[in-house]
>>> print(open('coords-v3.txt').read())   # compact mmCIF, C-alpha atoms
# COMPACT_ATOMS: atom_id res chain seq x y z
CA MET L 1 1.36 232.79 216.39
CA VAL L 2 -1.36 230.48 215.12
CA PHE L 3 -3.07 231.63 211.94
CA GLU L 4 -4.19 230.56 208.49
CA GLU L 5 -2.10 231.20 205.41
CA PHE L 6 -2.03 234.63 203.80
CA VAL L 7 -4.69 235.54 201.23
CA VAL L 8 -3.61 237.95 198.52
CA PRO L 9 -6.58 240.21 197.57
CA ASP L 10 -7.61 240.97 194.02
CA ALA L 11 -5.66 243.65 192.18
CA PRO L 12 -8.27 246.46 192.63
CA VAL L 13 -8.44 245.86 196.39
CA ALA L 14 -4.67 245.54 196.72
CA GLY L 15 -4.18 248.71 194.69
CA ALA L 16 -6.67 250.65 196.81
CA LEU L 17 -4.95 249.51 200.00
CA VAL L 18 -1.53 250.56 198.73
CA VAL L 19 -2.77 253.96 197.58
CA GLY L 20 -4.62 254.49 200.86
CA ALA L 21 -1.61 253.50 202.94
CA LEU L 22 0.66 255.86 201.01
CA ALA L 23 -1.85 258.69 201.40
CA VAL L 24 -2.20 258.23 205.16
CA ALA L 25 1.56 257.83 205.60
CA SER L 26 2.08 261.06 203.66
CA LEU L 27 -0.40 262.91 205.86
CA LEU L 28 1.33 261.62 208.97
CA TYR L 29 4.65 262.77 207.58
CA LEU L 30 3.21 266.24 207.00
CA VAL L 31 1.71 266.66 210.47
CA ARG L 32 4.76 265.04 212.15
CA PRO L 33 3.04 263.77 215.33
CA GLN L 34 5.18 263.32 218.40
CA VAL L 35 5.54 259.66 219.37
CA SER L 36 5.75 259.61 223.15
CA GLN L 37 5.39 256.74 225.56
CA GLN L 38 1.72 257.68 225.97
CA THR L 39 1.28 257.68 222.20
CA VAL L 40 2.59 254.12 221.96
CA LEU L 41 0.19 252.96 224.66
CA SER L 42 -2.64 254.57 222.65
CA PHE L 43 -1.76 252.19 219.80
CA VAL L 44 -2.68 249.15 221.92
CA PRO L 45 -6.48 249.23 221.36
CA TRP L 46 -5.82 249.54 217.63
CA MET L 47 -3.64 246.44 217.69
CA VAL L 48 -6.48 244.64 219.43
CA THR L 49 -8.97 246.02 216.91
CA GLY L 50 -6.92 244.67 214.03
CA ALA L 51 -6.85 241.24 215.65
CA LEU L 52 -10.63 241.31 216.19
CA LEU L 53 -11.26 242.35 212.59
CA HIS L 54 -9.29 239.34 211.41
CA VAL L 55 -11.20 237.10 213.81
CA LEU L 56 -14.41 238.37 212.18
CA TYR L 57 -12.98 237.40 208.81
CA GLN L 58 -12.21 233.90 210.07
CA ILE L 59 -15.74 233.53 211.47
CA HIS L 60 -17.05 234.72 208.10
CA THR L 61 -14.93 232.04 206.38
CA ALA L 62 -15.72 229.27 208.87
CA VAL L 63 -19.50 229.54 208.62
CA GLU L 64 -19.54 230.47 204.92
CA ALA L 65 -22.02 233.26 205.57
CA THR L 66 -22.01 237.04 205.23
CA ILE L 67 -20.77 237.92 208.70
CA VAL L 68 -18.40 240.71 207.73
CA PRO L 69 -20.36 243.87 206.84
CA ALA L 70 -17.59 245.03 204.48
CA VAL L 71 -15.37 243.69 201.73
CA PRO L 72 -13.99 240.48 203.34
CA ALA L 73 -10.71 240.85 201.44
CA LEU L 74 -9.92 243.91 203.57
CA LEU L 75 -9.88 241.77 206.70
CA SER L 76 -7.89 238.78 205.49
CA ALA L 77 -4.19 238.52 206.27
CA PRO L 78 -2.10 240.45 205.37
CA SER L 79 -4.67 243.03 204.19
CA VAL L 80 -6.04 243.51 207.71
CA TYR L 81 -2.75 245.09 208.80
CA VAL L 82 -3.09 247.78 206.14
CA THR L 83 -6.80 248.23 206.86
CA THR L 84 -6.06 248.79 210.55
CA PHE L 85 -3.28 251.25 209.69
CA LEU L 86 -5.66 253.20 207.45
CA LEU L 87 -8.21 253.48 210.24
CA MET L 88 -5.72 254.33 212.98
CA GLY L 89 -3.64 256.65 210.82
CA SER L 90 -6.68 258.63 209.71
CA VAL L 91 -7.81 259.09 213.30
CA TRP L 92 -4.28 260.02 214.34
CA VAL L 93 -4.04 262.73 211.67
CA ALA L 94 -7.46 264.09 212.65
CA ALA L 95 -6.47 264.13 216.34
CA VAL L 96 -3.23 266.02 215.59
CA ARG L 97 -5.12 268.57 213.48
CA HIS L 98 -7.74 268.94 216.22
CA SER L 99 -5.18 269.38 219.04
CA PRO L 100 -1.89 270.60 217.52
CA GLY L 101 1.05 270.58 219.90
CA GLN L 102 -0.88 268.64 222.57
CA SER L 103 0.64 265.17 222.37
CA GLY L 104 -1.07 264.00 225.55
CA ARG L 105 -4.52 264.97 224.29
CA VAL L 106 -3.78 263.46 220.88
CA ALA L 107 -2.82 260.17 222.53
CA ARG L 108 -6.00 260.16 224.62
CA LEU L 109 -8.19 260.82 221.58
CA LEU L 110 -6.41 258.08 219.62
CA ALA L 111 -6.75 255.61 222.48
CA ALA L 112 -10.43 256.43 223.03
CA ALA L 113 -11.26 255.94 219.35
CA GLY L 114 -9.36 252.67 219.22
CA ALA L 115 -10.95 251.38 222.41
CA GLY L 116 -14.43 252.27 221.19
CA LEU L 117 -13.88 250.48 217.90
CA ALA L 118 -12.37 247.45 219.65
CA VAL L 119 -15.39 247.17 221.95
CA ALA L 120 -17.80 247.48 219.01
CA VAL L 121 -15.99 244.89 216.88
CA GLY L 122 -15.45 242.58 219.86
CA GLY L 123 -19.09 242.80 220.88
CA TYR L 124 -20.21 241.99 217.36
CA ALA L 125 -17.80 239.03 217.20
CA VAL L 126 -19.17 237.64 220.46
CA TRP L 127 -22.77 238.13 219.29
CA VAL L 128 -22.06 236.27 216.06
CA ALA L 129 -20.08 233.49 217.75
CA LEU L 130 -22.67 232.78 220.45
CA ASP L 131 -24.99 231.02 217.99
CA ARG L 132 -22.26 229.22 216.08
CA PHE L 133 -19.42 228.18 218.37
CA ALA L 134 -18.82 226.95 221.92
CA LEU L 135 -17.19 229.80 223.82
CA ASP L 136 -14.35 228.57 226.05
CA PRO L 137 -12.43 231.39 227.78
CA VAL L 138 -10.65 229.35 230.50
CA LEU L 139 -7.41 228.45 228.72
CA PRO L 140 -7.02 231.80 226.92
CA LEU L 141 -7.56 233.68 230.18
CA ALA L 142 -5.01 231.45 231.86
CA GLY L 143 -2.59 232.39 229.09
CA LEU L 144 -3.31 236.09 229.64
CA VAL L 145 -2.76 235.88 233.39
CA GLY L 146 0.39 233.81 232.89
CA SER L 147 1.71 236.34 230.38
CA LEU L 148 1.18 239.21 232.81
CA ALA L 149 2.99 237.26 235.53
CA VAL L 150 5.97 236.34 233.33
CA THR L 151 6.20 239.92 232.05
CA GLY L 152 6.23 241.21 235.62
CA VAL L 153 9.11 238.89 236.51
CA LEU L 154 11.09 239.87 233.40
CA TYR L 155 10.52 243.58 233.96
CA ALA L 156 11.46 243.34 237.64
CA GLY L 157 14.62 241.44 236.70
CA LEU L 158 15.62 244.12 234.19
CA ARG L 159 14.93 246.87 236.71
CA ARG L 160 17.11 245.11 239.29
CA TRP L 161 20.12 244.25 237.11
CA ARG L 162 19.95 246.92 234.41
CA PRO L 163 17.99 249.88 235.80
CA GLU L 164 19.23 252.13 232.97
CA VAL L 165 17.35 249.93 230.50
CA VAL L 166 14.05 250.30 232.35
CA SER L 167 14.51 254.05 232.84
CA ALA L 168 14.96 254.42 229.07
CA VAL L 169 12.17 252.16 227.76
CA ARG L 170 9.70 252.37 230.65
CA TYR L 171 6.13 251.43 229.67
CA VAL L 172 6.96 250.75 226.03
CA GLY L 173 9.60 248.23 227.04
CA ALA L 174 7.09 246.48 229.27
CA LEU L 175 4.63 246.44 226.37
CA VAL L 176 7.19 244.77 224.07
CA LEU L 177 7.90 242.12 226.69
CA PHE L 178 4.23 241.44 227.33
CA ALA L 179 3.33 241.34 223.63
CA HIS L 180 5.83 238.62 222.82
CA VAL L 181 5.29 236.62 225.99
CA PHE L 182 1.54 236.72 225.29
CA ASP L 183 2.11 235.61 221.70
CA ALA L 184 4.36 232.77 222.85
CA LEU L 185 2.01 231.48 225.54
CA THR L 186 -1.15 231.68 223.44
CA THR L 187 0.64 229.88 220.63
CA ALA L 188 1.79 227.20 223.07
CA ILE L 189 -1.76 226.80 224.39
CA GLY L 190 -3.09 226.46 220.87
CA VAL L 191 -0.48 223.91 219.81
CA GLU L 192 -0.28 221.82 222.98
CA LEU L 193 -3.82 221.98 224.36
CA LEU L 194 -6.15 222.96 221.53
CA ASP L 195 -4.53 221.14 218.58
CA THR L 196 -4.63 224.22 216.35
CA GLY L 197 -1.29 223.69 214.64
CA GLU L 198 1.32 226.27 213.61
CA ARG L 199 1.74 227.19 209.94
CA SER L 200 4.31 229.95 210.19
CA THR L 201 7.63 228.61 208.92
CA LEU L 202 10.10 229.69 211.59
CA PRO L 203 7.95 228.86 214.65
CA ARG L 204 7.08 225.52 213.09
CA LEU L 205 10.78 224.81 212.53
CA VAL L 206 11.55 225.62 216.18
CA MET L 207 8.74 223.35 217.34
CA ASP L 208 9.90 220.55 215.07
CA ILE L 209 13.35 220.80 216.65
CA ALA L 210 11.82 220.68 220.14
CA ALA L 211 9.67 217.70 219.13
CA ASP L 212 12.83 215.74 218.31
CA LEU L 213 14.47 216.44 221.67
CA PRO L 214 14.36 213.98 224.59
CA THR L 215 12.27 216.54 226.51
CA ALA L 216 9.36 216.25 224.07
CA ASP L 217 7.47 213.64 226.10
CA VAL L 218 7.56 215.86 229.19
CA LEU L 219 7.56 219.45 227.89
CA GLY L 220 5.90 219.05 224.50
CA GLU L 221 7.01 220.86 221.38
CA ALA L 222 6.16 224.51 222.06
CA TRP L 223 8.42 225.19 225.06
CA LEU L 224 11.47 226.07 222.96
CA PHE L 225 9.44 228.62 220.98
CA VAL L 226 8.31 230.22 224.25
CA VAL L 227 11.88 230.46 225.53
CA LEU L 228 13.17 231.94 222.27
CA LYS L 229 10.39 234.54 222.15
CA ILE L 230 11.19 235.63 225.70
CA VAL L 231 14.91 235.86 224.93
CA ILE L 232 14.32 237.79 221.71
CA ALA L 233 11.88 240.26 223.31
CA THR L 234 14.22 240.88 226.24
CA GLY L 235 17.14 241.30 223.83
CA ILE L 236 15.24 243.86 221.74
CA VAL L 237 14.42 245.96 224.80
CA TRP L 238 18.00 245.69 226.05
CA LEU L 239 19.71 246.45 222.74
CA PHE L 240 17.53 249.40 221.74
CA HIS L 241 17.15 251.21 225.06
CA ASP L 242 19.87 253.73 224.13
CA TYR L 243 18.07 254.47 220.86
CA ALA L 244 14.83 255.08 222.76
CA ALA L 245 16.62 257.43 225.17
CA GLU L 246 18.59 259.38 222.57
CA ARG L 247 15.87 259.67 219.90
CA PRO L 248 12.56 259.25 221.77
CA SER L 249 10.13 259.60 218.87
CA GLU L 250 12.00 257.24 216.53
CA GLY L 251 12.87 254.83 219.34
CA ASN L 252 9.32 254.71 220.65
CA LEU L 253 7.96 254.17 217.14
CA PHE L 254 10.39 251.28 216.58
CA LEU L 255 9.46 249.67 219.89
CA ALA L 256 5.77 250.19 219.08
CA PHE L 257 6.27 248.27 215.85
CA MET L 258 8.05 245.46 217.71
CA ALA L 259 5.17 245.35 220.21
CA ALA L 260 2.60 245.18 217.38
CA VAL L 261 4.41 242.22 215.81
CA GLY L 262 3.70 240.31 219.03
CA LEU L 263 0.49 241.78 220.39
CA GLY L 264 -1.50 241.61 217.14
CA PRO L 265 -1.03 237.85 216.67
CA ALA L 266 -1.35 237.24 220.41
CA SER L 267 -4.68 239.07 220.59
CA HIS L 268 -5.84 237.22 217.50
CA ASN L 269 -5.01 233.87 219.12
CA PHE L 270 -6.68 234.92 222.37
CA PHE L 271 -10.01 235.97 220.86
CA LEU L 272 -10.04 233.11 218.38
CA PHE L 273 -9.68 230.61 221.24
CA VAL L 274 -12.16 232.42 223.51
CA LEU L 275 -14.80 232.38 220.80
CA GLY L 276 -14.08 228.73 219.97
CA VAL L 277 -13.61 229.45 216.26
>>> encode(input="coords-v3.txt", output="C-alpha cells")
Amino acid sequence: MVFEEFVVPDAPVAGALVVGALAVASLLYLVRPQVSQQTVLSFVPWMVTGALLHVLYQIHTAVEATIVPAVPALLSAPSVYVTTFLLMGSVWVAAVRHSPGQSGRVARLLAAAGAGLAVAVGGYAVWVALDRFALDPVLPLAGLVGSLAVTGVLYAGLRRWRPEVVSAVRYVGALVLFAHVFDALTTAIGVELLDTGERSTLPRLVMDIAADLPTADVLGEAWLFVVLKIVIATGIVWLFHDYAAERPSEGNLFLAFMAAVGLGPASHNFFLFVLGV
C-alpha cells in the first residue's frame, strides 16, 4: 500500500466523525441486517468509493486548490474510512428499512448506490486530473489484469486441494484473495516502476529486508512483500472458512473487513497511478 502519512483532523471534525460513526453503528445494530455473500459483494463499490474520495483529497493537496467540494479533512487518511462508513452505513440502514427481510434486495440497493457514487466521484476525479496530470493507465491496468490472473490460480488451487474451504467461503474468499493480491501488485508497481516509495512501517521493513538479499539486483525489493501478502490472504481464507460456514453473518462480515483492508488501499493505488497524481 502506497500512501501519504495520516492526517489527524481538528477536534471538532474528529468529534463529529466519532459521534456519526457511533450513531450509524447503533442504527445498524438495531436493524440487524443479514450479512450474506451477496451483501459483502455489495460493499465493493463502497470500498472503491472510499479510495476515490481519498484520491480527490490528494489531488486537492497536490495542486493546492479547492478541488474537494467538502471539508477536506473528511477525506484525508484515516478520516476517509469513517466518512465512507457513514455514507455506506446510512444507505444500508435506509435499504433495510425500505425492504425488511429481503437481504437480496437490500444488497442490490446498497451496491447500486455505491456504484453510482463511485462513478460520480471517479468521473469528477478524471475531469479534474485531465488538466493537471498526465494520465497513464498502462501499468495500473497491467497490475489489475495480473491480480485477476493470480487470484484465479490461487482460487483454483484451493478448490482442487481443499474444496471444503472454497465451498465455505465462496465469492467472499475470492474477494479477500483478490483484494490482497491487487494491493501487493499495485504496491510493487509503485515501488519498482513508478518510484512512489512506501511509508507504511511493516511493508517498508519487508522491502528493506528484500533489498538486502542477493536477489535484489534481479527481483527488486517488493517481491517479498508480494509473496507475504499472498500467503497471508490465503491463510486467512483457509483458517476462517469454518467460521464463515458455522456463523455466516459474522464470518462474512469478518472476511468483508479483511477484503476492505486490501481492496481500499489497492484501489487507491490504482486510481492514483492511472490519474498520474
>>> residues_near_point(input="coords-v3.txt", point="(-5.3, 247.5, 197.6)", cutoff="12 Å", atoms="only C-alpha atoms", output="PDB file with C-alpha atoms, keeping the file's coordinate frame")
ATOM      1  CA  VAL L   8      -3.610 237.950 198.520  1.00  0.00           C
ATOM      2  CA  PRO L   9      -6.580 240.210 197.570  1.00  0.00           C
ATOM      3  CA  ASP L  10      -7.610 240.970 194.020  1.00  0.00           C
ATOM      4  CA  ALA L  11      -5.660 243.650 192.180  1.00  0.00           C
ATOM      5  CA  PRO L  12      -8.270 246.460 192.630  1.00  0.00           C
ATOM      6  CA  VAL L  13      -8.440 245.860 196.390  1.00  0.00           C
ATOM      7  CA  ALA L  14      -4.670 245.540 196.720  1.00  0.00           C
ATOM      8  CA  GLY L  15      -4.180 248.710 194.690  1.00  0.00           C
ATOM      9  CA  ALA L  16      -6.670 250.650 196.810  1.00  0.00           C
ATOM     10  CA  LEU L  17      -4.950 249.510 200.000  1.00  0.00           C
ATOM     11  CA  VAL L  18      -1.530 250.560 198.730  1.00  0.00           C
ATOM     12  CA  VAL L  19      -2.770 253.960 197.580  1.00  0.00           C
ATOM     13  CA  GLY L  20      -4.620 254.490 200.860  1.00  0.00           C
ATOM     14  CA  ALA L  21      -1.610 253.500 202.940  1.00  0.00           C
ATOM     15  CA  LEU L  22       0.660 255.860 201.010  1.00  0.00           C
ATOM     16  CA  VAL L  71     -15.370 243.690 201.730  1.00  0.00           C
ATOM     17  CA  ALA L  73     -10.710 240.850 201.440  1.00  0.00           C
ATOM     18  CA  LEU L  74      -9.920 243.910 203.570  1.00  0.00           C
ATOM     19  CA  LEU L  75      -9.880 241.770 206.700  1.00  0.00           C
ATOM     20  CA  PRO L  78      -2.100 240.450 205.370  1.00  0.00           C
ATOM     21  CA  SER L  79      -4.670 243.030 204.190  1.00  0.00           C
ATOM     22  CA  VAL L  80      -6.040 243.510 207.710  1.00  0.00           C
ATOM     23  CA  TYR L  81      -2.750 245.090 208.800  1.00  0.00           C
ATOM     24  CA  VAL L  82      -3.090 247.780 206.140  1.00  0.00           C
ATOM     25  CA  THR L  83      -6.800 248.230 206.860  1.00  0.00           C
ATOM     26  CA  LEU L  86      -5.660 253.200 207.450  1.00  0.00           C
TER      27      LEU L  86
END
>>> closest_residue(input="coords-v3.txt", among="L:Ala129, L:Val165, L:Leu253, L:Ala188", to="Leu239 in chain L", atoms="only C-alpha atoms")
L:Val165
>>> residues_around(input="coords-v3.txt", residues="Leu177 in chain L", least_positions_apart="3", cutoff="12 Å", atoms="all atoms listed in the file", output="VMD selection string")
chain L and resid 147 to 156 158 166 169 to 174 180 to 184 229 to 238 255 to 256 258 to 263
>>> closest_residue(input="coords-v3.txt", among="L:Val7, L:Leu224, L:Leu110, L:Ala266", to="Ala77 in chain L", atoms="all atoms listed in the file")
L:Val7
>>> residues_around(input="coords-v3.txt", residues="Val274 in chain L", least_positions_apart="5", cutoff="9 Å", atoms="all atoms listed in the file", output="ChimeraX atom specification")
/L:134-141,269
>>> closest_residue(input="coords-v3.txt", among="L:Met47, L:Val226, L:Val40, L:Val218", to="Pro248 in chain L", atoms="only C-alpha atoms")
L:Val40
>>> closest_residue(input="coords-v3.txt", among="L:Leu275, L:Val44, L:Leu30, L:Ala111", to="Tyr124 in chain L", atoms="only C-alpha atoms")
L:Leu275
>>> atom_distance(input="coords-v3.txt", atom1="CA of Val176 in chain L", atom2="CA of Ser76 in chain L")
24.7 Å
>>> residues_around(input="coords-v3.txt", residues="Val121 in chain L", least_positions_apart="5", cutoff="9 Å", atoms="only C-alpha atoms", output="PyMOL selection string")
chain L and resi 49+52-53+56+116+126
>>> write_last_selection(input="coords-v3.txt", atoms="C-alpha atoms", output="PDB file, in the coordinates of the input")
ATOM      1  CA  THR L  49      -8.970 246.020 216.910  1.00  0.00           C
ATOM      2  CA  LEU L  52     -10.630 241.310 216.190  1.00  0.00           C
ATOM      3  CA  LEU L  53     -11.260 242.350 212.590  1.00  0.00           C
ATOM      4  CA  LEU L  56     -14.410 238.370 212.180  1.00  0.00           C
ATOM      5  CA  GLY L 116     -14.430 252.270 221.190  1.00  0.00           C
ATOM      6  CA  VAL L 126     -19.170 237.640 220.460  1.00  0.00           C
TER       7      VAL L 126
END
>>> closest_residue(input="coords-v3.txt", among="L:Ala216, L:Leu144, L:Leu228, L:Leu28", to="Phe271 in chain L", atoms="all atoms listed in the file")
L:Leu144
>>> closest_residue(input="coords-v3.txt", among="L:Leu193, L:Ala179, L:Leu109, L:Val128", to="Thr39 in chain L", atoms="all atoms listed in the file")
L:Leu109
>>> atom_distance(input="coords-v3.txt", atom1="CA of Thr186 in chain L", atom2="CA of Gly89 in chain L")
28.1 Å
